[in-house]
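One structure below.
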Amino acid sequence: MKKWWWKILCIALLVYAILAGLLWNNVPRLPQLQETIRNLYFHVCMWFAMMVLFTCSVVHAVKYLRNNNLRSDILSRQYAVMGIVFGVLGYATGAIWATFTWADPNLPASESFSAIARDPKLIGAAIALLIYGAYLVLRDSIQDMDKKARIAAVYNVFAFAFLFPSIWIIPRLLPSLHPGAPDGEGGNPALNFKDLAPQMRFVFYPAIVGWSLLGVWIATLKVRMNFIKEKNLLHEA
């Protein structure tokens with residue numbers, strides 16, 4: 001039970017977040033957002049989970065540079081993979097949300113989507129995900145295990161250092177449709193206590209924890225599968 005409590009907590013929080021997020025009549029129905037505001041429990045929370053997973057990845061990368069333990073390298077890679085997965089999910093849910101809230105009904109669908117795709121926040125997020133995608137390509141292209149782990153760890157540190165400017169800093173300095181931009185309305189609803197309705201916080205914060213724990217859970221499962229695979233290969237050899 002001591003080893004499983006956080007997994008049980010993960011399942012409970014996600015069940016609560018999904019059911020309450022979709023069914024609980026606790027959301028303000030703003031003119032532009034209406035029921036789409038419920039996507040906050042998925043889109044934004046997955047971005048937070050992505051940041052948690054990338055943070056775990058860079059922590060294990062630094063650990064490898066300090067102790068040269070290949071377990072840290074494997075953990076770093078799997079957390080990065082799950083960070084990319086949650087980043088793509090956050091990007092996809094955000095794109096769907098944008099088509100309902102930002103799209104101009106007076107423009108053809110292709111032109112409206114093109115305008116949305118040029119948003120600085122979306123561009124910054126895409127660049128960040130591509131940088132981490134390049135991390136996986138670089139790591140898997142090197143055959144020597146020690147060299148692979150060291151180069152990947154150093155690259156991971158620089159990728160993480162670029163993550164915050166590309167997602168949180170630079171897009172907020174440019175005109176954007178996202179909340180918190182210089183010409184946007186209001187601040188970031190996830191961080192500004194004046195923007196997010198108090199009743200939504202009862203679902204929003206548990207959803208962040210739930211999605212983050214799910215990402216950690218899947219990453220640890222992938223690490224265990226990796227070790228089992230390596231043991232089988234050594235046994236066959």
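Ligands are numbered from 1 in the order shown, chains are lettered A, B, ... in the order of the structure tokens, and residues start at 1 in each chain.
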Residues within 9 Å of segment 208-217 of chain A, only C-alpha atoms, excluding chain neighbours under 3 positions, as a ChimeraX atom specification: /A:6-7,9-15,17,41-42,44-53,56,79,82-83,85-86,203-205,220-222
Atoms to include: N, CA, C and O atoms. Write the selected residues as a compact mmCIF listing (two decimals), in the first residue's frame.
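The resulting file, result.txt, is shown below:
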# COMPACT_ATOMS: atom_id res chain seq x y z
N TRP A 6 0.19 6.77 -4.19
CA TRP A 6 0.16 7.89 -5.12
C TRP A 6 -0.51 7.50 -6.44
O TRP A 6 -1.08 8.35 -7.12
N LYS A 7 -0.49 6.21 -6.78
CA LYS A 7 -1.18 5.74 -7.98
C LYS A 7 -2.69 5.75 -7.75
O LYS A 7 -3.46 6.11 -8.65
N LEU A 9 -4.14 7.72 -5.65
CA LEU A 9 -4.46 9.16 -5.65
C LEU A 9 -4.59 9.69 -7.06
O LEU A 9 -5.49 10.48 -7.37
N CYS A 10 -3.71 9.26 -7.96
CA CYS A 10 -3.75 9.68 -9.36
C CYS A 10 -5.08 9.30 -10.00
O CYS A 10 -5.72 10.14 -10.64
N ILE A 11 -5.49 8.04 -9.83
CA ILE A 11 -6.74 7.58 -10.42
C ILE A 11 -7.92 8.36 -9.84
O ILE A 11 -8.82 8.81 -10.57
N ALA A 12 -7.93 8.56 -8.52
CA ALA A 12 -9.03 9.27 -7.86
C ALA A 12 -9.12 10.71 -8.35
O ALA A 12 -10.22 11.22 -8.65
N LEU A 13 -7.98 11.38 -8.46
CA LEU A 13 -7.98 12.77 -8.89
C LEU A 13 -8.43 12.92 -10.34
O LEU A 13 -9.17 13.85 -10.68
N LEU A 14 -7.99 12.00 -11.21
CA LEU A 14 -8.37 12.08 -12.61
C LEU A 14 -9.85 11.77 -12.82
O LEU A 14 -10.53 12.43 -13.61
N VAL A 15 -10.35 10.77 -12.10
CA VAL A 15 -11.78 10.47 -12.20
C VAL A 15 -12.59 11.68 -11.73
O VAL A 15 -13.58 12.08 -12.37
N ALA A 17 -11.56 14.85 -11.61
CA ALA A 17 -11.37 15.99 -12.50
C ALA A 17 -12.17 15.85 -13.79
O ALA A 17 -12.76 16.82 -14.28
N TYR A 41 -9.54 22.52 -17.72
CA TYR A 41 -9.14 21.39 -16.88
C TYR A 41 -8.28 20.38 -17.64
O TYR A 41 -7.70 19.48 -17.02
N PHE A 42 -8.24 20.50 -18.95
CA PHE A 42 -7.47 19.55 -19.77
C PHE A 42 -6.28 20.26 -20.43
O PHE A 42 -5.13 19.88 -20.21
N VAL A 44 -4.83 23.40 -20.13
CA VAL A 44 -3.85 24.06 -19.26
C VAL A 44 -3.20 23.06 -18.31
O VAL A 44 -1.99 23.12 -18.06
N CYS A 45 -3.99 22.14 -17.77
CA CYS A 45 -3.44 21.17 -16.82
C CYS A 45 -2.42 20.25 -17.48
O CYS A 45 -1.45 19.82 -16.84
N MET A 46 -2.63 19.93 -18.75
CA MET A 46 -1.65 19.10 -19.46
C MET A 46 -0.36 19.87 -19.71
O MET A 46 0.73 19.29 -19.71
N TRP A 47 -0.47 21.18 -19.91
CA TRP A 47 0.74 21.99 -20.04
C TRP A 47 1.52 21.97 -18.73
O TRP A 47 2.75 21.87 -18.72
N PHE A 48 0.81 22.08 -17.61
CA PHE A 48 1.48 22.02 -16.31
C PHE A 48 2.14 20.65 -16.11
O PHE A 48 3.26 20.56 -15.61
N ALA A 49 1.44 19.59 -16.48
CA ALA A 49 2.01 18.25 -16.38
C ALA A 49 3.26 18.13 -17.25
O ALA A 49 4.25 17.51 -16.85
N MET A 50 3.22 18.73 -18.44
CA MET A 50 4.39 18.73 -19.32
C MET A 50 5.58 19.38 -18.64
O MET A 50 6.71 18.86 -18.68
N MET A 51 5.34 20.52 -17.99
CA MET A 51 6.43 21.21 -17.30
C MET A 51 6.99 20.36 -16.17
O MET A 51 8.21 20.32 -15.95
N VAL A 52 6.12 19.68 -15.43
CA VAL A 52 6.57 18.81 -14.34
C VAL A 52 7.44 17.68 -14.89
O VAL A 52 8.51 17.38 -14.35
N LEU A 53 7.02 17.07 -15.99
CA LEU A 53 7.75 15.94 -16.57
C LEU A 53 9.09 16.39 -17.15
O LEU A 53 10.10 15.69 -16.99
N CYS A 56 11.39 16.88 -14.23
CA CYS A 56 11.91 15.58 -13.77
C CYS A 56 13.01 15.08 -14.71
O CYS A 56 14.02 14.52 -14.27
N TYR A 79 11.04 10.44 -19.00
CA TYR A 79 10.30 11.63 -18.57
C TYR A 79 10.20 12.64 -19.72
O TYR A 79 9.16 13.31 -19.87
N MET A 82 7.42 11.40 -22.09
CA MET A 82 6.08 11.69 -21.58
C MET A 82 5.80 13.19 -21.56
O MET A 82 4.65 13.61 -21.75
N GLY A 83 6.84 13.99 -21.36
CA GLY A 83 6.65 15.43 -21.45
C GLY A 83 6.22 15.85 -22.84
O GLY A 83 5.34 16.70 -23.02
N VAL A 85 4.65 13.89 -24.98
CA VAL A 85 3.28 13.37 -25.18
C VAL A 85 2.26 14.34 -24.59
O VAL A 85 1.28 14.72 -25.24
N PHE A 86 2.50 14.78 -23.37
CA PHE A 86 1.55 15.70 -22.74
C PHE A 86 1.60 17.07 -23.40
O PHE A 86 0.58 17.77 -23.45
N VAL A 203 -11.53 22.08 -9.05
CA VAL A 203 -11.28 21.05 -10.06
C VAL A 203 -9.93 21.27 -10.73
O VAL A 203 -9.21 20.31 -11.04
N PHE A 204 -9.58 22.53 -10.94
CA PHE A 204 -8.38 22.88 -11.69
C PHE A 204 -7.10 22.33 -11.04
O PHE A 204 -6.30 21.64 -11.69
N TYR A 205 -6.90 22.60 -9.76
CA TYR A 205 -5.66 22.17 -9.10
C TYR A 205 -5.57 20.66 -8.92
O TYR A 205 -4.50 20.07 -9.15
N THR A 220 7.49 5.77 -15.27
CA THR A 220 8.11 4.73 -14.45
C THR A 220 7.83 3.34 -15.01
O THR A 220 8.69 2.45 -14.94
N LEU A 221 6.64 3.15 -15.57
CA LEU A 221 6.33 1.87 -16.21
C LEU A 221 7.23 1.62 -17.41
O LEU A 221 7.71 0.50 -17.63
N LYS A 222 7.47 2.66 -18.20
CA LYS A 222 8.33 2.53 -19.37
C LYS A 222 9.77 2.24 -18.95
O LYS A 222 10.48 1.49 -19.62
Rounded to one decimal in Å, what is the spacing between atom CA of Phe162 of chain A and atom CA of Thr99 of chain A? 28.0 Å
Shell around Ile170 of chain A at 9 Å using only C-alpha atoms, local window under 5 positions removed, as a PDB file with N, CA, C and O atoms, in the first residue's frame:
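Saved the output as result-v7.pdb:
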ATOM      1  N   PRO A 120       1.973  33.776 -31.203  1.00  0.00           N
ATOM      2  CA  PRO A 120       3.319  33.560 -30.637  1.00  0.00           C
ATOM      3  C   PRO A 120       3.394  32.426 -29.631  1.00  0.00           C
ATOM      4  O   PRO A 120       4.387  31.704 -29.564  1.00  0.00           O
ATOM      5  N   LYS A 121       2.330  32.263 -28.829  1.00  0.00           N
ATOM      6  CA  LYS A 121       2.350  31.193 -27.826  1.00  0.00           C
ATOM      7  C   LYS A 121       2.363  29.820 -28.501  1.00  0.00           C
ATOM      8  O   LYS A 121       3.089  28.915 -28.068  1.00  0.00           O
ATOM      9  N   GLY A 124       5.844  29.334 -30.039  1.00  0.00           N
ATOM     10  CA  GLY A 124       6.832  29.037 -29.002  1.00  0.00           C
ATOM     11  C   GLY A 124       6.694  27.623 -28.478  1.00  0.00           C
ATOM     12  O   GLY A 124       7.698  26.926 -28.264  1.00  0.00           O
ATOM     13  N   PHE A 164      11.428  27.696 -20.870  1.00  0.00           N
ATOM     14  CA  PHE A 164      10.710  28.803 -20.223  1.00  0.00           C
ATOM     15  C   PHE A 164      10.638  30.051 -21.097  1.00  0.00           C
ATOM     16  O   PHE A 164       9.558  30.645 -21.222  1.00  0.00           O
ATOM     17  N   PRO A 165      11.731  30.487 -21.734  1.00  0.00           N
ATOM     18  CA  PRO A 165      11.593  31.653 -22.621  1.00  0.00           C
ATOM     19  C   PRO A 165      10.632  31.414 -23.777  1.00  0.00           C
ATOM     20  O   PRO A 165       9.866  32.315 -24.143  1.00  0.00           O
TER      21      PRO A 165
END
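As for atom CA of Asn156 of chain A and atom CA of Val58 of chain A, they are spaced 6.0 Å apart.
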List the neighbours of Ala125 of chain A out to 12 Å using only C-alpha atoms; skip same-chain residues closer than 2 positions along the sequence, and give me the result as a ChimeraX atom specification. /A:47,50-51,84,86-92,94-95,117-123,127-132,162-171
Residues as selected, N, CA, C and O atoms, written as a compact mmCIF listing (two decimals), in the first residue's frame, can you do that?
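New file selection_6.txt:
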# COMPACT_ATOMS: atom_id res chain seq x y z
N TRP A 47 -0.47 21.18 -19.91
CA TRP A 47 0.74 21.99 -20.04
C TRP A 47 1.52 21.97 -18.73
O TRP A 47 2.75 21.87 -18.72
N MET A 50 3.22 18.73 -18.44
CA MET A 50 4.39 18.73 -19.32
C MET A 50 5.58 19.38 -18.64
O MET A 50 6.71 18.86 -18.68
N MET A 51 5.34 20.52 -17.99
CA MET A 51 6.43 21.21 -17.30
C MET A 51 6.99 20.36 -16.17
O MET A 51 8.21 20.32 -15.95
N ILE A 84 6.83 15.23 -23.86
CA ILE A 84 6.44 15.52 -25.24
C ILE A 84 5.01 15.07 -25.50
O ILE A 84 4.23 15.78 -26.15
N PHE A 86 2.50 14.78 -23.37
CA PHE A 86 1.55 15.70 -22.74
C PHE A 86 1.60 17.07 -23.40
O PHE A 86 0.58 17.77 -23.45
N GLY A 87 2.77 17.45 -23.92
CA GLY A 87 2.85 18.71 -24.66
C GLY A 87 2.02 18.66 -25.93
O GLY A 87 1.32 19.63 -26.26
N VAL A 88 2.09 17.54 -26.64
CA VAL A 88 1.29 17.38 -27.86
C VAL A 88 -0.20 17.36 -27.53
O VAL A 88 -1.02 17.98 -28.23
N LEU A 89 -0.58 16.68 -26.44
CA LEU A 89 -1.97 16.66 -26.01
C LEU A 89 -2.45 18.06 -25.64
O LEU A 89 -3.56 18.47 -25.98
N GLY A 90 -1.59 18.79 -24.93
CA GLY A 90 -1.94 20.17 -24.58
C GLY A 90 -2.06 21.05 -25.80
O GLY A 90 -2.95 21.91 -25.89
N TYR A 91 -1.17 20.83 -26.76
CA TYR A 91 -1.22 21.61 -28.01
C TYR A 91 -2.49 21.29 -28.79
O TYR A 91 -3.16 22.18 -29.31
N ALA A 92 -2.84 20.00 -28.84
CA ALA A 92 -4.03 19.59 -29.60
C ALA A 92 -5.31 20.12 -28.96
O ALA A 92 -6.18 20.65 -29.65
N GLY A 94 -5.54 22.67 -27.08
CA GLY A 94 -5.54 24.12 -27.26
C GLY A 94 -5.97 24.53 -28.66
O GLY A 94 -6.70 25.50 -28.85
N ALA A 95 -5.53 23.76 -29.67
CA ALA A 95 -5.91 24.06 -31.05
C ALA A 95 -7.42 23.89 -31.25
O ALA A 95 -8.07 24.70 -31.93
N ALA A 117 -2.73 29.87 -36.04
CA ALA A 117 -1.45 29.16 -35.99
C ALA A 117 -0.26 30.11 -35.86
O ALA A 117 0.81 29.69 -35.42
N ARG A 118 -0.45 31.38 -36.22
CA ARG A 118 0.65 32.35 -36.12
C ARG A 118 0.74 32.98 -34.74
O ARG A 118 1.57 33.85 -34.52
N ASP A 119 -0.08 32.56 -33.82
CA ASP A 119 -0.04 33.10 -32.47
C ASP A 119 1.32 32.79 -31.83
O ASP A 119 1.80 31.65 -31.90
N PRO A 120 1.97 33.78 -31.20
CA PRO A 120 3.32 33.56 -30.64
C PRO A 120 3.39 32.43 -29.63
O PRO A 120 4.39 31.70 -29.56
N LYS A 121 2.33 32.26 -28.83
CA LYS A 121 2.35 31.19 -27.83
C LYS A 121 2.36 29.82 -28.50
O LYS A 121 3.09 28.91 -28.07
N LEU A 122 1.59 29.66 -29.56
CA LEU A 122 1.56 28.39 -30.27
C LEU A 122 2.89 28.13 -30.97
O LEU A 122 3.38 26.99 -30.98
N ILE A 123 3.47 29.16 -31.54
CA ILE A 123 4.77 29.01 -32.21
C ILE A 123 5.84 28.64 -31.19
O ILE A 123 6.66 27.74 -31.42
N ILE A 127 8.04 25.17 -31.09
CA ILE A 127 9.51 25.18 -31.10
C ILE A 127 10.06 24.37 -29.93
O ILE A 127 11.00 23.58 -30.09
N ALA A 128 9.47 24.56 -28.75
CA ALA A 128 9.93 23.83 -27.56
C ALA A 128 9.78 22.33 -27.74
O ALA A 128 10.68 21.55 -27.41
N LEU A 129 8.63 21.91 -28.29
CA LEU A 129 8.41 20.48 -28.51
C LEU A 129 9.35 19.92 -29.57
O LEU A 129 9.83 18.78 -29.46
N LEU A 130 9.64 20.71 -30.59
CA LEU A 130 10.58 20.26 -31.63
C LEU A 130 11.99 20.12 -31.06
O LEU A 130 12.73 19.20 -31.44
N ILE A 131 12.37 21.01 -30.15
CA ILE A 131 13.69 20.92 -29.52
C ILE A 131 13.80 19.63 -28.72
O ILE A 131 14.83 18.92 -28.78
N TYR A 132 12.75 19.28 -27.99
CA TYR A 132 12.78 18.02 -27.24
C TYR A 132 12.68 16.82 -28.16
O TYR A 132 13.22 15.75 -27.87
N PHE A 162 15.80 26.59 -22.51
CA PHE A 162 15.08 27.30 -23.57
C PHE A 162 13.57 27.17 -23.42
O PHE A 162 12.81 27.94 -24.01
N LEU A 163 13.13 26.19 -22.63
CA LEU A 163 11.70 25.91 -22.50
C LEU A 163 10.93 27.10 -21.93
O LEU A 163 9.88 27.49 -22.46
N PHE A 164 11.43 27.70 -20.87
CA PHE A 164 10.71 28.80 -20.22
C PHE A 164 10.64 30.05 -21.10
O PHE A 164 9.56 30.64 -21.22
N PRO A 165 11.73 30.49 -21.73
CA PRO A 165 11.59 31.65 -22.62
C PRO A 165 10.63 31.41 -23.78
O PRO A 165 9.87 32.32 -24.14
N SER A 166 10.65 30.22 -24.36
CA SER A 166 9.83 29.96 -25.54
C SER A 166 8.35 29.85 -25.23
O SER A 166 7.51 30.12 -26.09
N ILE A 167 8.00 29.45 -24.00
CA ILE A 167 6.59 29.25 -23.65
C ILE A 167 6.06 30.36 -22.75
O ILE A 167 4.94 30.83 -22.93
N TRP A 168 6.86 30.80 -21.78
CA TRP A 168 6.35 31.70 -20.75
C TRP A 168 6.77 33.15 -20.92
O TRP A 168 6.04 34.06 -20.48
N ILE A 169 7.94 33.41 -21.51
CA ILE A 169 8.48 34.78 -21.51
C ILE A 169 8.27 35.48 -22.85
O ILE A 169 7.57 36.50 -22.93
N ILE A 170 8.88 34.95 -23.93
CA ILE A 170 8.83 35.62 -25.23
C ILE A 170 7.40 35.81 -25.73
O ILE A 170 7.05 36.91 -26.18
N PRO A 171 6.52 34.78 -25.67
CA PRO A 171 5.15 35.00 -26.16
C PRO A 171 4.39 36.10 -25.42
O PRO A 171 3.51 36.73 -25.98
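Interatomic distance, atom CA of Leu75 of chain A against atom CA of Gln143 of chain A: 18.1 Å.
In this comparison, which uses only C-alpha atoms, the residue of A:Arg150, A:Arg139, A:Lys3, A:Arg38 approaching His60 of chain A most closely is A:Arg150.
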Would you mind telling me which residue in A:Tyr155, A:Phe160, A:Trp4, A:Tyr16 lies nearest to Thr55 of chain A when using only C-alpha atoms? A:Phe160
Identify, on the basis of only C-alpha atoms, every residue whose closest approach to Ile151 of chain A does not exceed 10 Å; exclude the query and any residue fewer than 2 positions from it along the same chain; express the result as a compact mmCIF listing (two decimals) with all heavy atoms, in the first residue's frame.
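So selection28.txt came out as:
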# COMPACT_ATOMS: atom_id res chain seq x y z
N ALA A 61 18.83 14.23 -15.73
CA ALA A 61 19.98 14.49 -16.61
C ALA A 61 21.15 15.05 -15.80
O ALA A 61 22.31 14.64 -16.00
CB ALA A 61 19.57 15.47 -17.71
N LEU A 65 25.01 13.46 -15.01
CA LEU A 65 26.27 14.17 -15.17
C LEU A 65 27.09 14.15 -13.89
O LEU A 65 28.32 14.28 -13.93
CB LEU A 65 26.00 15.63 -15.58
CG LEU A 65 25.40 15.81 -16.99
CD1 LEU A 65 25.06 17.26 -17.23
CD2 LEU A 65 26.37 15.31 -18.06
N TYR A 135 16.02 16.17 -29.22
CA TYR A 135 16.75 15.50 -28.13
C TYR A 135 16.65 13.98 -28.26
O TYR A 135 17.65 13.26 -28.13
CB TYR A 135 16.20 15.97 -26.79
CG TYR A 135 16.45 15.02 -25.63
CD1 TYR A 135 17.69 14.98 -25.00
CD2 TYR A 135 15.44 14.17 -25.16
CE1 TYR A 135 17.92 14.11 -23.94
CE2 TYR A 135 15.66 13.31 -24.10
CZ TYR A 135 16.89 13.28 -23.49
OH TYR A 135 17.13 12.42 -22.45
N LEU A 138 18.67 12.85 -31.37
CA LEU A 138 20.10 12.90 -31.09
C LEU A 138 20.52 11.74 -30.20
O LEU A 138 21.50 11.05 -30.47
CB LEU A 138 20.45 14.23 -30.42
CG LEU A 138 21.89 14.38 -29.92
CD1 LEU A 138 22.87 14.36 -31.09
CD2 LEU A 138 22.05 15.65 -29.10
N ARG A 139 19.76 11.51 -29.14
CA ARG A 139 20.12 10.46 -28.20
C ARG A 139 20.09 9.08 -28.84
O ARG A 139 20.98 8.26 -28.62
CB ARG A 139 19.16 10.50 -27.00
CG ARG A 139 19.53 9.53 -25.88
CD ARG A 139 18.46 9.51 -24.81
NE ARG A 139 18.82 8.61 -23.74
CZ ARG A 139 18.72 7.28 -23.79
NH1 ARG A 139 18.23 6.71 -24.89
NH2 ARG A 139 19.09 6.52 -22.77
N ILE A 142 23.11 7.85 -31.38
CA ILE A 142 24.46 7.53 -30.89
C ILE A 142 24.45 6.11 -30.34
O ILE A 142 23.58 5.74 -29.55
CB ILE A 142 24.89 8.53 -29.80
CG1 ILE A 142 24.86 9.96 -30.36
CG2 ILE A 142 26.29 8.20 -29.29
CD1 ILE A 142 25.13 11.02 -29.33
N ASP A 146 27.60 5.30 -23.02
CA ASP A 146 28.10 6.37 -22.15
C ASP A 146 28.13 7.71 -22.88
O ASP A 146 27.74 8.74 -22.34
CB ASP A 146 29.50 6.03 -21.63
CG ASP A 146 29.47 4.83 -20.68
OD1 ASP A 146 28.48 4.71 -19.93
OD2 ASP A 146 30.43 4.04 -20.69
N LYS A 147 28.60 7.68 -24.13
CA LYS A 147 28.64 8.91 -24.92
C LYS A 147 27.22 9.42 -25.19
O LYS A 147 26.96 10.62 -25.10
CB LYS A 147 29.36 8.63 -26.24
CG LYS A 147 29.55 9.87 -27.12
CD LYS A 147 30.31 9.51 -28.38
CE LYS A 147 30.47 10.76 -29.26
NZ LYS A 147 31.22 10.41 -30.51
N LYS A 148 26.32 8.50 -25.50
CA LYS A 148 24.93 8.86 -25.73
C LYS A 148 24.33 9.53 -24.51
O LYS A 148 23.69 10.58 -24.60
CB LYS A 148 24.13 7.59 -26.06
CG LYS A 148 22.62 7.80 -26.12
CD LYS A 148 21.85 6.49 -26.02
CE LYS A 148 22.20 5.58 -27.19
NZ LYS A 148 21.36 4.35 -27.19
N ALA A 149 24.53 8.93 -23.35
CA ALA A 149 23.94 9.46 -22.13
C ALA A 149 24.50 10.84 -21.78
O ALA A 149 23.75 11.74 -21.39
CB ALA A 149 24.19 8.48 -20.98
N ALA A 153 22.34 14.26 -21.89
CA ALA A 153 22.14 14.98 -20.63
C ALA A 153 22.47 16.46 -20.79
O ALA A 153 21.74 17.33 -20.32
CB ALA A 153 23.00 14.36 -19.53
N VAL A 154 23.58 16.75 -21.48
CA VAL A 154 23.96 18.15 -21.71
C VAL A 154 22.92 18.85 -22.58
O VAL A 154 22.51 19.98 -22.30
CB VAL A 154 25.36 18.23 -22.36
CG1 VAL A 154 25.69 19.67 -22.75
CG2 VAL A 154 26.42 17.69 -21.40
N TYR A 155 22.49 18.16 -23.63
CA TYR A 155 21.46 18.74 -24.51
C TYR A 155 20.16 18.98 -23.73
O TYR A 155 19.49 20.01 -23.93
CB TYR A 155 21.19 17.79 -25.68
CG TYR A 155 20.20 18.32 -26.69
CD1 TYR A 155 20.64 18.92 -27.87
CD2 TYR A 155 18.83 18.24 -26.47
CE1 TYR A 155 19.74 19.41 -28.80
CE2 TYR A 155 17.92 18.72 -27.39
CZ TYR A 155 18.38 19.31 -28.55
OH TYR A 155 17.48 19.81 -29.46
N ASN A 156 19.82 18.06 -22.84
CA ASN A 156 18.60 18.19 -22.05
C ASN A 156 18.63 19.44 -21.20
O ASN A 156 17.61 20.15 -21.07
CB ASN A 156 18.44 16.95 -21.15
CG ASN A 156 17.05 16.82 -20.59
OD1 ASN A 156 16.38 17.79 -20.29
ND2 ASN A 156 16.59 15.59 -20.45
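For Val223 of chain A, the list of residues within 9 Å, based on only C-alpha atoms and with local chain neighbours fewer than 5 positions off taken out, reads Arg71, Ile74, Leu75, Gln78, Ile218 and Ile228 of chain A.
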